[in-house]
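> final_20.txt is reproduced in full below (compact mmCIF, C-alpha atoms).
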# COMPACT_ATOMS: atom_id res chain seq x y z
CA MET A 1 -44.71 51.54 88.23
CA ASN A 2 -46.84 53.74 90.43
CA PRO A 3 -44.76 56.94 91.05
CA LEU A 4 -46.06 57.01 94.61
CA THR A 5 -44.43 53.62 95.31
CA SER A 6 -41.30 54.04 93.13
CA THR A 7 -37.97 54.17 94.93
CA ILE A 8 -36.39 56.13 92.05
CA THR A 9 -36.01 59.87 92.47
CA PRO A 10 -36.47 61.43 88.99
CA ASN A 11 -34.12 64.11 87.71
CA PRO A 12 -35.80 67.39 86.66
CA TRP A 13 -33.69 67.44 83.45
CA GLN A 14 -34.96 64.02 82.32
CA ALA A 15 -36.83 65.52 79.34
CA LEU A 16 -33.44 66.47 77.82
CA ARG A 17 -32.60 62.80 77.35
CA GLN A 18 -34.82 62.82 74.27
CA LEU A 19 -32.19 65.02 72.60
CA THR A 20 -28.99 63.10 73.33
CA ALA A 21 -27.61 59.62 73.93
CA ALA A 22 -25.35 61.06 76.64
CA ARG A 23 -25.92 59.74 80.15
CA ILE A 24 -27.59 62.74 81.73
CA ALA A 25 -30.50 63.07 84.15
CA LEU A 26 -30.39 59.40 85.14
CA GLY A 27 -32.29 59.78 88.38
CA ARG A 28 -31.22 58.05 91.58
CA ALA A 29 -32.29 55.36 94.00
CA GLY A 30 -31.20 56.53 97.41
CA GLY A 31 -27.58 57.57 96.99
CA SER A 32 -26.92 55.33 93.93
CA LEU A 33 -27.93 54.91 90.32
CA PRO A 34 -31.18 53.06 89.55
CA THR A 35 -30.60 49.38 88.74
CA ASN A 36 -31.76 49.61 85.10
CA VAL A 37 -29.42 52.56 84.44
CA HIS A 38 -26.51 50.68 86.02
CA LEU A 39 -27.24 47.64 83.83
CA GLN A 40 -27.41 49.84 80.71
CA PHE A 41 -23.99 51.26 81.60
CA GLN A 42 -22.52 47.78 81.96
CA LEU A 43 -23.99 46.77 78.58
CA ALA A 44 -22.55 49.85 76.87
CA HIS A 45 -19.15 49.19 78.45
CA ALA A 46 -19.21 45.59 77.22
CA GLN A 47 -20.16 46.71 73.70
CA ALA A 48 -17.25 49.17 73.67
CA ARG A 49 -14.80 46.45 74.78
CA ASP A 50 -16.16 44.05 72.16
CA ALA A 51 -15.70 46.70 69.46
CA VAL A 52 -12.04 47.18 70.44
CA HIS A 53 -11.24 43.46 70.36
CA LEU A 54 -13.40 42.46 67.38
CA ALA A 55 -11.29 41.23 64.45
CA LEU A 56 -11.79 42.76 61.02
CA ASP A 57 -13.31 40.28 58.56
CA ARG A 58 -11.34 41.38 55.50
CA GLU A 59 -12.58 38.51 53.35
CA ALA A 60 -16.23 39.46 53.87
CA LEU A 61 -15.44 43.11 53.25
CA ALA A 62 -13.47 42.29 50.09
CA PHE A 63 -16.35 40.14 48.84
CA ALA A 64 -18.88 42.91 49.44
CA LEU A 65 -16.75 45.45 47.56
CA THR A 66 -16.00 43.02 44.74
CA GLN A 67 -19.72 42.50 44.30
CA GLN A 68 -19.91 46.24 43.66
CA GLY A 69 -17.24 46.02 40.95
CA LEU A 70 -14.35 47.32 43.08
CA ALA A 71 -10.89 45.74 43.18
CA THR A 72 -9.20 45.34 46.57
CA LEU A 73 -5.74 44.83 48.03
CA ALA A 74 -5.10 43.33 51.49
CA VAL A 75 -2.26 44.64 53.65
CA GLN A 76 -1.21 44.56 57.29
CA SER A 77 0.84 46.75 59.54
CA GLN A 78 3.92 45.47 61.38
CA VAL A 79 1.65 44.41 64.25
CA LEU A 80 1.26 40.64 64.66
CA ASP A 81 -1.89 40.39 66.79
CA ARG A 82 -4.57 42.44 68.53
CA ASP A 83 -2.78 42.57 71.87
CA GLU A 84 0.34 44.00 70.26
CA TYR A 85 -1.81 46.45 68.31
CA LEU A 86 -3.18 47.92 71.53
CA GLN A 87 0.27 48.21 73.13
CA ARG A 88 2.45 49.27 70.18
CA PRO A 89 0.86 52.15 68.23
CA ASP A 90 4.20 52.78 66.49
CA ARG A 91 4.13 49.38 64.76
CA GLY A 92 0.56 50.05 63.59
CA ARG A 93 1.80 53.06 61.62
CA ARG A 94 4.15 51.13 59.30
CA LEU A 95 3.53 48.37 56.75
CA SER A 96 4.84 44.83 57.11
CA THR A 97 7.51 43.67 54.68
CA GLU A 98 5.03 41.42 52.87
CA SER A 99 2.55 44.27 52.45
CA LEU A 100 5.26 46.55 51.04
CA GLU A 101 5.96 43.91 48.41
CA VAL A 102 2.25 43.63 47.55
CA LEU A 103 1.97 47.37 46.96
CA GLN A 104 5.27 47.56 45.07
CA ALA A 105 4.17 44.78 42.75
CA HIS A 106 0.84 46.47 42.08
CA ARG A 107 2.47 49.84 41.50
CA ALA A 108 4.87 48.32 38.98
CA GLN A 109 1.92 47.09 36.92
CA THR A 110 -0.03 50.35 36.85
CA THR A 111 0.64 53.72 35.20
CA PRO A 112 0.09 56.59 35.56
CA ALA A 113 -0.16 57.30 39.28
CA PHE A 114 -3.57 57.37 40.95
CA ASP A 115 -5.41 60.49 42.06
CA VAL A 116 -7.06 58.83 45.06
CA VAL A 117 -6.45 55.76 47.19
CA VAL A 118 -9.01 54.73 49.81
CA VAL A 119 -7.70 52.77 52.79
CA VAL A 120 -10.15 50.88 55.00
CA GLY A 121 -8.57 50.08 58.37
CA ASP A 122 -9.94 48.38 61.46
CA GLY A 123 -8.47 50.86 63.94
CA LEU A 124 -10.06 50.64 67.38
CA SER A 125 -13.48 49.53 66.13
CA ALA A 126 -13.81 46.91 63.42
CA LEU A 127 -17.54 47.14 64.12
CA ALA A 128 -17.55 50.63 62.61
CA ILE A 129 -15.90 49.28 59.46
CA GLU A 130 -18.34 46.39 59.29
CA ARG A 131 -21.33 48.73 59.41
CA HIS A 132 -20.23 51.81 57.48
CA ALA A 133 -17.26 51.05 55.19
CA VAL A 134 -19.11 49.75 52.13
CA PRO A 135 -21.63 52.62 51.76
CA MET A 136 -18.88 55.19 52.38
CA VAL A 137 -16.54 53.59 49.83
CA LEU A 138 -19.32 53.57 47.24
CA GLY A 139 -19.99 57.22 47.97
CA ILE A 140 -16.30 58.08 47.50
CA GLN A 141 -16.24 56.06 44.28
CA ALA A 142 -19.17 58.11 42.98
CA LEU A 143 -17.38 61.33 43.99
CA CYS A 144 -14.21 60.28 42.15
CA SER A 145 -16.23 59.36 39.08
CA GLN A 146 -17.98 62.73 39.13
CA GLU A 147 -14.68 64.61 39.43
CA ARG A 148 -12.90 62.28 36.97
CA TRP A 149 -10.27 61.29 39.53
CA SER A 150 -8.60 57.91 39.07
CA LEU A 151 -9.23 55.57 41.99
CA ALA A 152 -6.74 52.91 43.09
CA PRO A 153 -7.93 49.49 44.29
CA ILE A 154 -9.47 49.76 47.75
CA VAL A 155 -6.80 48.85 50.31
CA LEU A 156 -8.07 46.76 53.24
CA ALA A 157 -5.64 47.14 56.14
CA GLN A 158 -5.45 45.21 59.40
CA TYR A 159 -4.10 46.47 62.75
CA THR A 160 -4.21 50.01 61.45
CA ARG A 161 -3.28 53.38 62.88
CA VAL A 162 -4.14 56.52 60.95
CA ALA A 163 -0.59 57.20 59.73
CA LEU A 164 -0.48 53.86 57.90
CA GLY A 165 -2.53 55.49 55.15
CA ASP A 166 0.34 57.83 54.38
CA GLU A 167 2.75 55.00 53.66
CA ILE A 168 0.14 53.23 51.51
CA GLY A 169 -0.50 56.42 49.55
CA GLN A 170 3.23 56.95 49.08
CA MET A 171 3.76 53.39 47.87
CA LEU A 172 0.97 53.75 45.29
CA GLN A 173 2.12 57.30 44.42
CA ALA A 174 -1.37 58.64 44.96
CA ARG A 175 -2.03 62.38 45.11
CA MET A 176 -4.65 61.95 47.85
CA VAL A 177 -5.33 59.30 50.47
CA VAL A 178 -8.64 58.84 52.28
CA MET A 179 -8.43 56.65 55.38
CA LEU A 180 -11.66 55.15 56.75
CA ILE A 181 -10.91 53.87 60.25
CA GLY A 182 -12.82 52.71 63.31
CA GLU A 183 -12.66 55.30 66.08
CA ARG A 184 -12.05 54.67 69.76
CA PRO A 185 -15.48 53.48 71.04
CA GLY A 186 -17.42 55.63 73.43
CA LEU A 187 -19.98 54.31 75.91
CA SER A 188 -22.80 55.28 73.54
CA SER A 189 -20.93 54.97 70.23
CA PRO A 190 -19.13 51.64 69.66
CA ASP A 191 -19.41 51.97 65.86
CA SER A 192 -18.16 55.47 65.09
CA LEU A 193 -16.22 55.83 61.82
CA GLY A 194 -13.48 58.40 61.29
CA ILE A 195 -12.32 59.76 57.91
CA TYR A 196 -8.79 61.14 57.55
CA PHE A 197 -7.72 62.94 54.38
CA THR A 198 -4.16 63.77 53.33
CA TRP A 199 -2.78 65.53 50.27
CA GLN A 200 0.50 64.11 48.92
CA PRO A 201 0.76 61.37 51.58
CA GLN A 202 4.21 60.26 52.66
CA VAL A 203 5.88 58.62 55.64
CA GLY A 204 6.68 60.99 58.48
CA LEU A 205 3.74 63.39 58.17
CA THR A 206 2.17 64.49 61.44
CA ASP A 207 -1.51 64.92 62.27
CA ALA A 208 -1.16 68.57 61.27
CA ALA A 209 -1.05 67.42 57.63
CA ARG A 210 -4.39 65.63 57.83
CA ASN A 211 -8.05 66.67 57.88
CA CYS A 212 -10.48 64.65 59.98
CA ILE A 213 -14.21 64.07 59.67
CA SER A 214 -15.38 62.27 62.80
CA ASN A 215 -18.37 60.41 64.26
CA VAL A 216 -19.79 59.03 61.01
CA ARG A 217 -22.61 56.68 61.99
CA LEU A 218 -26.37 56.50 61.87
CA GLU A 219 -26.78 58.36 65.19
CA GLY A 220 -24.00 60.83 64.41
CA LEU A 221 -22.79 62.46 61.19
CA SER A 222 -24.79 61.09 58.26
CA TYR A 223 -23.18 59.53 55.18
CA PRO A 224 -24.33 62.35 52.81
CA THR A 225 -23.01 65.06 55.14
CA ALA A 226 -19.67 63.29 55.60
CA LEU A 227 -19.30 62.83 51.83
CA TYR A 228 -20.24 66.47 51.23
CA ARG A 229 -17.51 67.65 53.61
CA LEU A 230 -14.97 65.20 52.22
CA GLY A 231 -15.77 66.27 48.65
CA TYR A 232 -15.22 69.90 49.61
CA LEU A 233 -11.83 69.13 51.18
CA MET A 234 -10.68 67.05 48.21
CA ARG A 235 -11.68 69.65 45.63
CA GLU A 236 -9.96 72.41 47.58
CA ALA A 237 -6.87 70.23 48.02
CA MET A 238 -6.70 69.70 44.27
CA LYS A 239 -6.88 73.46 43.70
CA ARG A 240 -4.50 74.54 46.47
CA GLN A 241 -2.34 71.40 46.74
CA LEU A 242 -2.40 71.18 50.54
CA SER A 243 -4.33 69.66 53.43
CA GLY A 244 -4.36 69.68 57.22
CA VAL A 245 -4.19 72.85 59.28
CA HIS A 246 -3.75 74.93 56.13
CA LEU A 247 -7.02 73.63 54.65
CA LYS A 248 -10.03 74.63 56.72
CA ASP A 249 -13.35 72.86 56.40
CA GLU A 250 -15.47 75.76 55.15
CA ALA A 251 -18.08 73.64 53.44
CA ASP A 252 -20.89 75.61 55.12
CA THR A 253 -19.53 79.01 54.17
CA PRO A 254 -21.86 79.56 51.15
CA LEU A 255 -24.91 79.03 53.40
CA LEU A 256 -23.57 81.50 55.98
CA ASN A 257 -22.80 84.07 53.29
CA THR A 258 -26.31 83.72 51.91
CA SER A 259 -27.82 84.38 55.32
CA VAL A 260 -26.01 87.73 55.50
CA HIS A 261 -28.02 88.94 52.52
CA ASP A 262 -31.24 87.20 53.50
CA LYS A 263 -32.03 88.04 57.11
CA THR A 264 -35.07 85.75 57.13
CA THR A 265 -32.75 82.72 57.08
CA ASN A 266 -30.25 83.98 59.66
CA LEU A 267 -30.99 82.48 63.06
CA LEU A 268 -28.60 84.91 64.74
CA ILE A 269 -30.51 88.07 63.73
Would you mind writing the file out in structure tokens?


Amino acid sequence: MNPLTSTITPNPWQALRQLTAARIALGRAGGSLPTNVHLQFQLAHAQARDAVHLALDREALAFALTQQGLATLAVQSQVLDRDEYLQRPDRGRRLSTESLEVLQAHRAQTTPAFDVVVVVGDGLSALAIERHAVPMVLGIQALCSQERWSLAPIVLAQYTRVALGDEIGQMLQARMVVMLIGERPGLSSPDSLGIYFTWQPQVGLTDAARNCISNVRLEGLSYPTALYRLGYLMREAMKRQLSGVHLKDEADTPLLNTSVHDKTTNLLI
């Protein structure tokens, strides 16, 4: 469109939009947003709502993991449907009676206890699980193999809140639980995956006992970086036997220490 005839007043910060997906420097048409920007906002809002209400396809996920040689277990929280999930977070934190029996039966058949159990839960974005769960699980499997940690069958959980992983880990008597869960969608990130890690999981732990790695997605934190940080936390947890607020993510510390001795790599000097 010829800028002399355009009705849109450009924003002087518009060049910054190349650096972020955030809605900045949108310009204006009179006293309102330009029509195309308003339509993009409505589309993003619809995608976020779809992500919240999308059901987790556990059968497809189980098939994809089985094709990679991984065993799976299917469980569900005490929530009965998606509407209840959104209104009763407390019921999403505890396992249903049937799921408790599934885990008890599996635990009775396996000895010794597992080092790691990975829980894949829909959370507030099954879309995030659909897109990112399989590559992340395979990365964690490779990490466990490298460290010689025993890995329990991958637990696929429906109507999941973060704390549900603690009860699953306790039931399987695992030393560590890694919960992969869909995060609350943002207007530019409907498929963001969160990773929660807990040492010695058990019912009743608070968020202070967990470490979180957030915003795992193609436009956010990359898979290799997320796995690097998770590997650091798990190794330190094995050494120090703790997690949460007492276990800081200092995975970048060696790089920072190196820069102290090599001023050419220190951006702050």

> Counting all atoms listed in the file, what are the residues of region 128-198 of chain A within 10 Å of region 41-44 of chain A, and for each of them which pair of atoms is the nearest and at what distance in Å, to one decimal? Sort the table by chain and rising number, as JSON lines.


{"residue": "A:Pro185", "atom": "CA", "partner": "A:Ala44", "partner_atom": "CA", "distance": 9.9}
{"residue": "A:Gly186", "atom": "CA", "partner": "A:Ala44", "partner_atom": "CA", "distance": 8.5}
{"residue": "A:Leu187", "atom": "CA", "partner": "A:Ala44", "partner_atom": "CA", "distance": 5.2}
{"residue": "A:Ser188", "atom": "CA", "partner": "A:Ala44", "partner_atom": "CA", "distance": 6.4}
{"residue": "A:Ser189", "atom": "CA", "partner": "A:Ala44", "partner_atom": "CA", "distance": 8.5}
{"residue": "A:Pro190", "atom": "CA", "partner": "A:Ala44", "partner_atom": "CA", "distance": 8.2}

> Rounded to one decimal, what separation in Å do you get between CA of Ser77 (chain A) and CA of Ala208 (chain A)?

22.0 Å

> Using only C-alpha atoms for the distances, tell me which of A:Leu156, A:Ala128, A:Ala105, A:Met234 is nearest to Leu172 (chain A).

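Nearest to Leu172 (chain A): A:Ala105.
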
> Between A:Leu39, A:Leu100, A:Ile129, A:Ala251, single out the one closest to Leu56 (chain A), counting all atoms listed in the file.

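Going through A:Leu39, A:Leu100, A:Ile129, A:Ala251 one by one, the smallest distance to Leu56 (chain A) is for A:Ile129.
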
> Excluding region 141-149 of chain A and any residue of its chain fewer than 4 positions from it, enumerate the residues within 9 Å of it, using only C-alpha atoms, and give them as a ChimeraX atom specification.

/A:114-116,136-137,227,231,235

> Do you know which residues are at most 8 Å from Ala71 (chain A) counting only C-alpha atoms, after dropping those on the same chain fewer than 6 positions away, and could you put them as a list of chain:residue names?

A:Leu65, A:Pro153, A:Ile154

> Give me, please, the distance in Å between CA of Leu124 (chain A) and CA of Thr225 (chain A), quoted to one decimal.

22.9 Å

> Which is closest to His38 (chain A) among A:Tyr196, A:Ser96, A:Arg23, A:Pro224, if we use all atoms listed in the file?

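Closest to His38 (chain A) of all the choices is A:Arg23.
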
> Kindly provide, as a PyMOL selection string, the polymer residues lying within 6 Å of (-1.2, 68.9, 52.8), counting all atoms listed in the file and using the coordinates exactly as they appear in the file.

chain A and resi 198-199+209+242-244

> As an exercise, work out the distance from CA of Arg88 (chain A) to CA of Leu103 (chain A) in Å and give it to one decimal place.

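According to the coordinates, CA of Arg88 (chain A) and CA of Leu103 (chain A) are separated by 23.3 Å.
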
> Return as lines of an AutoDock Vina configuration file the box centre and box size in Å, one decimal, for an axis-aligned box around all listed atoms of region 91-110 of chain A padded by 8 Å per side.


center_x = 3.7
center_y = 47.2
center_z = 50.8
size_x = 23.5
size_y = 27.6
size_z = 43.9

> Which residue, A:Val155, A:Val79, A:Ala55, A:Ala46, has the smallest gap to Gly182 (chain A) when you use only C-alpha atoms?

A:Ala55

> May I have the residues at most 7 Å from (2.0, 60.6, 56.4) in the file's coordinates, counting only C-alpha atoms, as JSON, numbers by chain?

{"A": [163, 165, 166, 167, 201, 202, 203, 204, 205, 206]}

> Contacts of Val216 (chain A) at 7 Å or less, counting only C-alpha atoms, minus same-chain residues fewer than 4 places along, as an MDAnalysis selection string?

chainID A and resid 192:194 220:223 226

> Determine the nearest neighbour of Leu26 (chain A) from the options A:Leu86, A:Ala60, A:Ile8, A:Val102, counting only C-alpha atoms.

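Using only C-alpha atoms, Leu26 (chain A) sits closest to A:Ile8.
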
> Using all atoms listed in the file, which of A:Glu59, A:Val52, A:Gln87, A:Ala174 sits nearest Arg107 (chain A)?

A:Ala174

> List the neighbours of Pro12 (chain A) out to 12 Å using only C-alpha atoms; skip same-chain residues closer than 6 positions along the sequence, and give me the result as number ranges by chain.

A: 24-28
